[in-house]
>>> print(open('query26.cif').read())   # mmCIF, C-alpha atoms; chains and numbers go by the auth columns
data_coords
#
loop_
_atom_site.group_PDB
_atom_site.id
_atom_site.type_symbol
_atom_site.label_atom_id
_atom_site.label_comp_id
_atom_site.label_asym_id
_atom_site.label_seq_id
_atom_site.Cartn_x
_atom_site.Cartn_y
_atom_site.Cartn_z
_atom_site.B_iso_or_equiv
_atom_site.auth_seq_id
_atom_site.auth_asym_id
ATOM 1 C CA MET A 1 69.809 96.919 22.600 0.00 22 O
ATOM 2 C CA SER A 2 71.422 94.375 24.931 0.00 23 O
ATOM 3 C CA GLU A 3 73.982 91.755 23.919 0.00 24 O
ATOM 4 C CA VAL A 4 71.398 88.973 24.185 0.00 25 O
ATOM 5 C CA GLU A 5 69.103 90.772 21.740 0.00 26 O
ATOM 6 C CA GLU A 6 72.018 91.420 19.407 0.00 27 O
ATOM 7 C CA ILE A 7 72.969 87.726 19.467 0.00 28 O
ATOM 8 C CA ALA A 8 69.368 86.736 18.787 0.00 29 O
ATOM 9 C CA SER A 9 69.089 89.154 15.888 0.00 30 O
ATOM 10 C CA GLY A 10 72.411 87.983 14.488 0.00 31 O
ATOM 11 C CA GLY A 11 74.029 91.383 14.933 0.00 32 O
ATOM 12 C CA LEU A 12 76.799 89.955 17.125 0.00 33 O
ATOM 13 C CA ASP A 13 78.910 87.104 15.869 0.00 34 O
ATOM 14 C CA LEU A 14 78.597 83.864 17.900 0.00 35 O
ATOM 15 C CA GLY A 15 82.357 83.361 17.656 0.00 36 O
ATOM 16 C CA ALA A 16 82.931 86.704 19.429 0.00 37 O
ATOM 17 C CA ALA A 17 80.550 85.696 22.239 0.00 38 O
ATOM 18 C CA ASP A 18 82.341 82.361 22.667 0.00 39 O
ATOM 19 C CA ALA A 19 85.698 84.135 22.764 0.00 40 O
ATOM 20 C CA GLU A 20 84.400 86.498 25.449 0.00 41 O
ATOM 21 C CA ILE A 21 83.117 83.564 27.541 0.00 42 O
ATOM 22 C CA GLU A 22 86.458 81.763 27.201 0.00 43 O
ATOM 23 C CA GLU A 23 88.281 84.915 28.295 0.00 44 O
ATOM 24 C CA MET A 24 86.050 85.165 31.392 0.00 45 O
ATOM 25 C CA GLN A 25 86.667 81.495 32.199 0.00 46 O
ATOM 26 C CA LYS A 26 90.443 82.051 31.966 0.00 47 O
ATOM 27 C CA LYS A 27 90.185 85.005 34.374 0.00 48 O
ATOM 28 C CA VAL A 28 88.146 82.904 36.820 0.00 49 O
ATOM 29 C CA GLN A 29 90.710 80.080 36.573 0.00 50 O
ATOM 30 C CA GLU A 30 93.582 82.526 37.255 0.00 51 O
ATOM 31 C CA MET A 31 91.736 83.926 40.272 0.00 52 O
ATOM 32 C CA GLU A 32 91.127 80.423 41.662 0.00 53 O
ATOM 33 C CA GLU A 33 94.820 79.534 41.258 0.00 54 O
ATOM 34 C CA GLU A 34 95.834 82.741 43.011 0.00 55 O
ATOM 35 C CA ALA A 35 93.387 82.004 45.850 0.00 56 O
ATOM 36 C CA GLU A 36 94.901 78.509 46.265 0.00 57 O
ATOM 37 C CA LYS A 37 98.415 80.003 46.414 0.00 58 O
ATOM 38 C CA LEU A 38 97.311 82.505 49.060 0.00 59 O
ATOM 39 C CA LYS A 39 95.629 79.746 51.087 0.00 60 O
ATOM 40 C CA ALA A 40 98.779 77.614 50.947 0.00 61 O
ATOM 41 C CA LEU A 41 100.871 80.612 52.005 0.00 62 O
ATOM 42 C CA THR A 42 98.628 81.481 54.980 0.00 63 O
ATOM 43 C CA ASP A 43 98.517 77.828 56.053 0.00 64 O
ATOM 44 C CA SER A 44 102.312 77.633 56.048 0.00 65 O
ATOM 45 C CA VAL A 45 102.576 80.830 58.095 0.00 66 O
ATOM 46 C CA SER A 46 99.992 79.656 60.648 0.00 67 O
ATOM 47 C CA ASP A 47 101.716 76.256 60.946 0.00 68 O
ATOM 48 C CA ALA A 48 105.036 77.978 61.651 0.00 69 O
ATOM 49 C CA GLY A 49 103.415 80.192 64.326 0.00 70 O
ATOM 50 C CA ASP A 50 101.737 77.272 66.114 0.00 71 O
ATOM 51 C CA GLY A 51 105.015 75.729 67.248 0.00 72 O
ATOM 52 C CA VAL A 52 106.143 78.828 69.203 0.00 73 O
ATOM 53 C CA ASP A 53 105.473 78.757 72.942 0.00 74 O
ATOM 54 C CA PRO A 54 104.255 82.191 74.169 0.00 75 O
ATOM 55 C CA GLU A 55 105.953 81.752 77.544 0.00 76 O
ATOM 56 C CA GLU A 56 109.265 81.047 75.822 0.00 77 O
ATOM 57 C CA VAL A 57 108.842 84.205 73.703 0.00 78 O
ATOM 58 C CA ASP A 58 108.040 86.214 76.850 0.00 79 O
ATOM 59 C CA LYS A 59 111.279 85.002 78.455 0.00 80 O
ATOM 60 C CA ARG A 60 113.163 86.503 75.491 0.00 81 O
ATOM 61 C CA SER A 61 111.233 89.811 75.613 0.00 82 O
ATOM 62 C CA VAL A 62 111.436 93.042 77.584 0.00 83 O
ATOM 63 C CA TYR A 63 109.011 95.846 78.355 0.00 84 O
ATOM 64 C CA VAL A 64 110.327 99.321 77.583 0.00 85 O
ATOM 65 C CA GLY A 65 108.448 102.154 79.274 0.00 86 O
ATOM 66 C CA ASN A 66 108.577 105.945 78.907 0.00 87 O
ATOM 67 C CA VAL A 67 109.328 105.696 75.173 0.00 88 O
ATOM 68 C CA ASP A 68 109.143 109.002 73.307 0.00 89 O
ATOM 69 C CA TYR A 69 105.943 109.308 71.267 0.00 90 O
ATOM 70 C CA GLY A 70 107.805 110.214 68.089 0.00 91 O
ATOM 71 C CA SER A 71 110.256 107.319 68.206 0.00 92 O
ATOM 72 C CA THR A 72 110.373 104.585 65.576 0.00 93 O
ATOM 73 C CA PRO A 73 111.195 100.861 65.877 0.00 94 O
ATOM 74 C CA GLU A 74 114.420 101.487 63.954 0.00 95 O
ATOM 75 C CA GLU A 75 115.567 104.036 66.557 0.00 96 O
ATOM 76 C CA LEU A 76 114.786 101.609 69.380 0.00 97 O
ATOM 77 C CA GLN A 77 116.672 98.874 67.546 0.00 98 O
ATOM 78 C CA GLU A 78 119.655 101.187 67.224 0.00 99 O
ATOM 79 C CA HIS A 79 119.503 101.963 70.964 0.00 100 O
ATOM 80 C CA PHE A 80 119.346 98.260 71.933 0.00 101 O
ATOM 81 C CA LYS A 81 121.728 96.895 69.268 0.00 102 O
ATOM 82 C CA ALA A 82 124.619 96.646 71.737 0.00 103 O
ATOM 83 C CA CYS A 83 122.599 94.078 73.735 0.00 104 O
ATOM 84 C CA GLY A 84 122.306 91.604 70.872 0.00 105 O
ATOM 85 C CA GLN A 85 120.075 90.562 67.997 0.00 106 O
ATOM 86 C CA THR A 86 116.432 91.681 68.103 0.00 107 O
ATOM 87 C CA ASN A 87 113.680 89.605 66.483 0.00 108 O
ATOM 88 C CA ARG A 88 110.795 92.045 66.797 0.00 109 O
ATOM 89 C CA ILE A 89 110.032 95.509 68.157 0.00 110 O
ATOM 90 C CA THR A 90 106.431 96.456 68.896 0.00 111 O
ATOM 91 C CA ILE A 91 105.466 100.031 69.793 0.00 112 O
ATOM 92 C CA LEU A 92 101.893 99.948 71.038 0.00 113 O
ATOM 93 C CA VAL A 93 99.431 102.525 69.707 0.00 114 O
ATOM 94 C CA ASP A 94 95.933 103.599 70.668 0.00 115 O
ATOM 95 C CA LYS A 95 93.464 101.665 68.516 0.00 116 O
ATOM 96 C CA TYR A 96 91.158 104.652 68.023 0.00 117 O
ATOM 97 C CA THR A 97 93.582 107.505 67.373 0.00 118 O
ATOM 98 C CA GLY A 98 96.685 105.640 66.202 0.00 119 O
ATOM 99 C CA ASN A 99 98.881 107.664 68.573 0.00 120 O
ATOM 100 C CA PRO A 100 101.682 105.802 70.391 0.00 121 O
ATOM 101 C CA LYS A 101 100.982 104.847 74.006 0.00 122 O
ATOM 102 C CA GLY A 102 104.549 105.493 75.172 0.00 123 O
ATOM 103 C CA PHE A 103 105.788 101.958 75.674 0.00 124 O
ATOM 104 C CA ALA A 104 107.137 99.105 73.593 0.00 125 O
ATOM 105 C CA TYR A 105 108.019 95.420 73.684 0.00 126 O
ATOM 106 C CA ILE A 106 111.277 94.101 72.275 0.00 127 O
ATOM 107 C CA GLU A 107 111.759 90.411 71.504 0.00 128 O
ATOM 108 C CA PHE A 108 115.375 89.242 71.433 0.00 129 O
ATOM 109 C CA ALA A 109 116.992 86.149 69.910 0.00 130 O
ATOM 110 C CA ASP A 110 118.025 84.587 73.239 0.00 131 O
ATOM 111 C CA GLU A 111 117.604 85.020 77.000 0.00 132 O
ATOM 112 C CA GLN A 112 121.171 86.271 77.573 0.00 133 O
ATOM 113 C CA THR A 113 120.376 89.264 75.361 0.00 134 O
ATOM 114 C CA VAL A 114 117.460 90.074 77.688 0.00 135 O
ATOM 115 C CA GLN A 115 119.849 90.216 80.661 0.00 136 O
ATOM 116 C CA ASN A 116 122.086 92.588 78.687 0.00 137 O
ATOM 117 C CA SER A 117 119.113 94.819 77.803 0.00 138 O
ATOM 118 C CA LEU A 118 118.063 95.078 81.466 0.00 139 O
ATOM 119 C CA LEU A 119 121.305 96.977 82.031 0.00 140 O
ATOM 120 C CA LEU A 120 119.863 99.788 79.883 0.00 141 O
ATOM 121 C CA ASN A 121 117.191 100.479 82.521 0.00 142 O
ATOM 122 C CA GLY A 122 117.392 104.205 83.288 0.00 143 O
ATOM 123 C CA SER A 123 119.287 105.064 80.090 0.00 144 O
ATOM 124 C CA LEU A 124 118.346 108.165 78.113 0.00 145 O
ATOM 125 C CA PHE A 125 116.550 107.765 74.790 0.00 146 O
ATOM 126 C CA ARG A 126 115.436 110.898 72.938 0.00 147 O
ATOM 127 C CA GLY A 127 115.665 112.909 76.166 0.00 148 O
ATOM 128 C CA ARG A 128 113.622 110.434 78.236 0.00 149 O
ATOM 129 C CA GLN A 129 114.739 107.980 80.884 0.00 150 O
ATOM 130 C CA LEU A 130 113.692 104.487 79.780 0.00 151 O
ATOM 131 C CA LYS A 131 112.229 101.880 82.089 0.00 152 O
ATOM 132 C CA VAL A 132 113.369 98.419 80.947 0.00 153 O
ATOM 133 C CA THR A 133 111.965 95.332 82.713 0.00 154 O
ATOM 134 C CA GLN A 134 111.473 91.660 81.904 0.00 155 O
ATOM 135 C CA LYS A 135 108.171 91.092 80.104 0.00 156 O
ATOM 136 C CA ARG A 136 105.691 89.279 82.297 0.00 157 O
ATOM 137 C CA THR A 137 103.536 86.418 81.066 0.00 158 O
ATOM 138 C CA ASN A 138 99.816 87.024 81.341 0.00 159 O
ATOM 139 C CA ILE A 139 97.830 84.294 83.048 0.00 160 O
ATOM 140 C CA PRO A 140 94.556 83.713 81.169 0.00 161 O
ATOM 141 C CA GLY A 141 91.508 84.578 83.249 0.00 162 O
ATOM 142 C CA PHE A 142 93.537 86.315 85.947 0.00 163 O
ATOM 143 C CA ASN A 143 92.678 89.932 86.547 0.00 164 O
ATOM 144 C CA VAL A 144 93.747 91.885 89.617 0.00 165 O
ATOM 145 C CA LYS A 145 90.771 94.228 89.557 0.00 166 O
ATOM 146 C CA GLY A 146 88.288 91.366 89.425 0.00 167 O
ATOM 147 C CA LYS A 147 86.358 92.662 86.453 0.00 168 O
ATOM 148 C CA GLY A 148 83.873 90.299 84.960 0.00 169 O
ATOM 149 C CA LYS A 149 82.820 88.447 88.092 0.00 170 O
ATOM 150 C CA ALA A 150 79.345 89.925 88.364 0.00 171 O
ATOM 151 C CA LYS A 151 79.118 91.691 85.066 0.00 172 O
ATOM 152 C CA GLY A 152 75.948 93.683 84.646 0.00 173 O
ATOM 153 C CA LYS A 153 74.537 92.921 88.088 0.00 174 O
ATOM 154 C CA GLY A 154 73.692 95.738 90.417 0.00 175 O
ATOM 155 C CA LYS A 155 74.962 98.538 88.205 0.00 176 O
ATOM 156 C CA GLY A 156 73.052 101.707 87.549 0.00 177 O
ATOM 157 C CA LYS A 157 69.759 103.006 88.886 0.00 178 O
ATOM 158 C CA ALA A 158 66.213 102.261 87.948 0.00 179 O
ATOM 159 C CA LYS A 159 65.188 104.578 85.176 0.00 180 O
ATOM 160 C CA GLY A 160 61.962 106.447 84.803 0.00 181 O
ATOM 161 C CA LYS A 161 59.501 107.762 87.343 0.00 182 O
ATOM 162 C CA GLY A 162 58.564 105.771 90.389 0.00 183 O
ATOM 163 C CA LYS A 163 55.733 103.344 90.018 0.00 184 O
ATOM 164 C CA GLY A 164 54.971 103.725 93.663 0.00 185 O
ATOM 165 C CA GLY A 165 55.684 101.364 96.424 0.00 186 O
ATOM 166 C CA TYR A 166 55.838 100.736 100.110 0.00 187 O
ATOM 167 C CA MET A 167 58.687 99.872 102.395 0.00 188 O
ATOM 168 C CA MET A 168 58.742 98.157 105.731 0.00 189 O
ATOM 169 C CA TRP A 169 58.581 100.660 108.576 0.00 190 O
ATOM 170 C CA SER A 170 58.942 100.137 112.278 0.00 191 O
ATOM 171 C CA ASP A 171 58.408 102.542 115.104 0.00 192 O
ATOM 172 C CA PRO A 172 61.804 103.783 116.310 0.00 193 O
ATOM 173 C CA TYR A 173 60.436 103.991 119.872 0.00 194 O
ATOM 174 C CA ASP A 174 59.249 100.395 119.827 0.00 195 O
ATOM 175 C CA SER A 175 62.295 98.460 121.034 0.00 196 O
ATOM 176 C CA TRP A 176 60.645 95.069 120.577 0.00 197 O
ATOM 177 C CA GLY A 177 59.538 95.800 117.010 0.00 198 O
ATOM 178 C CA TRP A 178 55.884 94.930 117.661 0.00 199 O
ATOM 179 C CA ASP A 179 54.407 97.736 115.613 0.00 200 O
ATOM 180 C CA TYR A 180 55.365 96.941 112.021 0.00 201 O
ATOM 181 C CA GLY A 181 53.647 98.851 109.293 0.00 202 O
ATOM 182 C CA TYR A 182 54.162 100.122 105.815 0.00 203 O
ATOM 183 C CA MET A 183 54.974 103.650 104.828 0.00 204 O
ATOM 184 C CA PRO A 184 54.849 105.063 101.294 0.00 205 O
ATOM 185 C CA VAL A 185 58.107 105.581 99.440 0.00 206 O
ATOM 186 C CA LYS A 186 58.923 108.622 97.329 0.00 207 O
ATOM 187 C CA GLY A 187 57.565 108.073 93.872 0.00 208 O
ATOM 188 C CA TYR A 188 54.259 106.503 94.813 0.00 209 O
ATOM 189 C CA LYS A 189 51.161 107.731 93.027 0.00 210 O
ATOM 190 C CA GLY A 190 49.897 110.983 94.412 0.00 211 O
ATOM 191 C CA TYR A 191 53.266 112.158 95.688 0.00 212 O
ATOM 192 C CA GLY A 192 54.758 115.486 94.631 0.00 213 O
ATOM 193 C CA LYS A 193 53.642 118.449 92.586 0.00 214 O
ATOM 194 C CA GLY A 194 51.796 118.252 89.333 0.00 215 O
ATOM 195 C CA TYR A 195 50.554 114.680 89.666 0.00 216 O
ATOM 196 C CA ALA A 196 48.053 113.897 86.942 0.00 217 O
ATOM 197 C CA PRO A 197 46.983 110.269 86.702 0.00 218 O
ATOM 198 C CA TYR A 198 45.387 110.678 83.263 0.00 219 O
#
>>> encode(input="query26.cif", output="structure tokens")
Amino acid sequence: MSEVEEIASGGLDLGAADAEIEEMQKKVQEMEEEAEKLKALTDSVSDAGDGVDPEEVDKRSVYVGNVDYGSTPEELQEHFKACGQTNRITILVDKYTGNPKGFAYIEFADEQTVQNSLLLNGSLFRGRQLKVTQKRTNIPGFNVKGKGKAKGKGKGKAKGKGKGGYMMWSDPYDSWGWDYGYMPVKGYKGYGKGYAPY
């Protein structure tokens, strides 16, 4: 028997049902308040991030290559602590496997710290010689390889069996090109073994 049937038959007290509804309403109210707090928190974080210029952050950052795959951000921070205060250390990982890619970016508090960190180029870290260079700023839409210019055009071959066709053919001995004709191309109907039109 469901709760509705029990209420209708008088088996369940109406006061208990009202108490249960009030309890559900309180839970909904608490969830709405929590959602508002989270929204306010995310808005404040996004507002703080909007004021930071990416080029200015790149001027305070360095690229660190040949980083050991087992290294942690704390170990890198320890290695670069003599240069100055670090704001953030990012070790890039493969998005499919989660394995480190072998390089990192370190953001420092000021540009002078970056100059100090460039002196660590060639230093040993966990048995590997680090490559430390100034982080470059990416230019949106600029790609050296030129990918994306003619995306999807002219790639691949025609699939399936030939539908037949003809191509322009001229006599190689006719220097003036008077004798144009058409010659069948491989794949036309009737060509090859085992042709069965029906």
>>> closest_residue(input="query26.cif", among="O:Asp89, O:Glu132, O:Asp79, O:Asp39", to="Cys104 (chain O)", atoms="all atoms listed in the file")
O:Glu132
>>> atom_distance(input="query26.cif", atom1="CA of Val135 (chain O)", atom2="CA of Val83 (chain O)")
6.7 Å
>>> atom_distance(input="query26.cif", atom1="CA of Gln50 (chain O)", atom2="CA of Leu35 (chain O)")
22.6 Å
>>> atom_distance(input="query26.cif", atom1="CA of Arg157 (chain O)", atom2="CA of Val85 (chain O)")
12.0 Å
>>> resolve_selection(input="query26.cif", expression="the PyMOL selection byres ((chain O and resi 130) around 7)", output="list in words")
Arg81, Gln106, Thr107, Asn108, Glu128, Phe129 and Asp131 of chain O
>>> write_last_selection(input="query26.cif", atoms="C-alpha atoms", output="CSV table (one decimal), keeping the file's coordinate frame")
chain,number,residue,atom,x,y,z
O,81,ARG,CA,113.2,86.5,75.5
O,106,GLN,CA,120.1,90.6,68.0
O,107,THR,CA,116.4,91.7,68.1
O,108,ASN,CA,113.7,89.6,66.5
O,128,GLU,CA,111.8,90.4,71.5
O,129,PHE,CA,115.4,89.2,71.4
O,131,ASP,CA,118.0,84.6,73.2
>>> closest_residue(input="query26.cif", among="O:Lys102, O:Lys80, O:Lys116, O:Arg109", to="Thr158 (chain O)", atoms="all atoms listed in the file")
O:Lys80
>>> resolve_selection(input="query26.cif", expression="the PyMOL selection byres ((chain O and resi 112) around 9)", output="count of residues only")
15
>>> residues_around(input="query26.cif", residues="Thr154 (chain O)", least_positions_apart="2", cutoff="9 Å", atoms="only C-alpha atoms", output="NGL selection string")
:O and (83-86 or 138-139 or 142 or 152 or 156-157)
>>> decode(input="query26.cif", residues="region 152-166 of chain O", atoms="N, CA and C atoms", output="PDB file, in the first residue's frame")
ATOM      1  N   LYS O 152      66.424  22.202 -19.127  1.00  0.00           N
ATOM      2  CA  LYS O 152      66.457  23.279 -20.112  1.00  0.00           C
ATOM      3  C   LYS O 152      65.493  24.347 -19.612  1.00  0.00           C
ATOM      4  N   VAL O 153      66.001  25.506 -19.239  1.00  0.00           N
ATOM      5  CA  VAL O 153      65.180  26.581 -18.679  1.00  0.00           C
ATOM      6  C   VAL O 153      65.226  27.759 -19.649  1.00  0.00           C
ATOM      7  N   THR O 154      64.060  28.146 -20.181  1.00  0.00           N
ATOM      8  CA  THR O 154      63.958  29.292 -21.084  1.00  0.00           C
ATOM      9  C   THR O 154      62.756  30.141 -20.699  1.00  0.00           C
ATOM     10  N   GLN O 155      62.762  31.385 -21.163  1.00  0.00           N
ATOM     11  CA  GLN O 155      61.641  32.290 -20.934  1.00  0.00           C
ATOM     12  C   GLN O 155      60.410  31.714 -21.640  1.00  0.00           C
ATOM     13  N   LYS O 156      59.261  31.762 -20.976  1.00  0.00           N
ATOM     14  CA  LYS O 156      58.039  31.262 -21.595  1.00  0.00           C
ATOM     15  C   LYS O 156      57.624  32.225 -22.689  1.00  0.00           C
ATOM     16  N   ARG O 157      57.257  31.675 -23.842  1.00  0.00           N
ATOM     17  CA  ARG O 157      56.829  32.530 -24.938  1.00  0.00           C
ATOM     18  C   ARG O 157      55.318  32.727 -24.868  1.00  0.00           C
ATOM     19  N   THR O 158      54.855  33.818 -25.411  1.00  0.00           N
ATOM     20  CA  THR O 158      53.427  34.117 -25.447  1.00  0.00           C
ATOM     21  C   THR O 158      52.868  33.636 -26.772  1.00  0.00           C
ATOM     22  N   ASN O 159      51.849  32.806 -26.711  1.00  0.00           N
ATOM     23  CA  ASN O 159      51.218  32.328 -27.936  1.00  0.00           C
ATOM     24  C   ASN O 159      50.410  33.442 -28.578  1.00  0.00           C
ATOM     25  N   ILE O 160      50.490  33.534 -29.885  1.00  0.00           N
ATOM     26  CA  ILE O 160      49.697  34.498 -30.637  1.00  0.00           C
ATOM     27  C   ILE O 160      48.473  33.756 -31.148  1.00  0.00           C
ATOM     28  N   PRO O 161      47.267  34.187 -30.779  1.00  0.00           N
ATOM     29  CA  PRO O 161      46.063  33.475 -31.221  1.00  0.00           C
ATOM     30  C   PRO O 161      45.959  33.430 -32.741  1.00  0.00           C
ATOM     31  N   GLY O 162      45.653  32.243 -33.261  1.00  0.00           N
ATOM     32  CA  GLY O 162      45.481  32.078 -34.695  1.00  0.00           C
ATOM     33  C   GLY O 162      46.765  31.888 -35.465  1.00  0.00           C
ATOM     34  N   PHE O 163      47.905  31.953 -34.795  1.00  0.00           N
ATOM     35  CA  PHE O 163      49.188  31.793 -35.469  1.00  0.00           C
ATOM     36  C   PHE O 163      49.669  30.375 -35.273  1.00  0.00           C
ATOM     37  N   ASN O 164      49.926  29.683 -36.370  1.00  0.00           N
ATOM     38  CA  ASN O 164      50.410  28.328 -36.294  1.00  0.00           C
ATOM     39  C   ASN O 164      51.457  28.136 -37.376  1.00  0.00           C
ATOM     40  N   VAL O 165      52.639  27.709 -37.007  1.00  0.00           N
ATOM     41  CA  VAL O 165      53.745  27.592 -37.943  1.00  0.00           C
ATOM     42  C   VAL O 165      53.450  26.569 -39.029  1.00  0.00           C
ATOM     43  N   LYS O 166      52.818  25.479 -38.668  1.00  0.00           N
ATOM     44  CA  LYS O 166      52.574  24.406 -39.624  1.00  0.00           C
ATOM     45  C   LYS O 166      51.450  24.750 -40.594  1.00  0.00           C
TER      46      LYS O 166
END
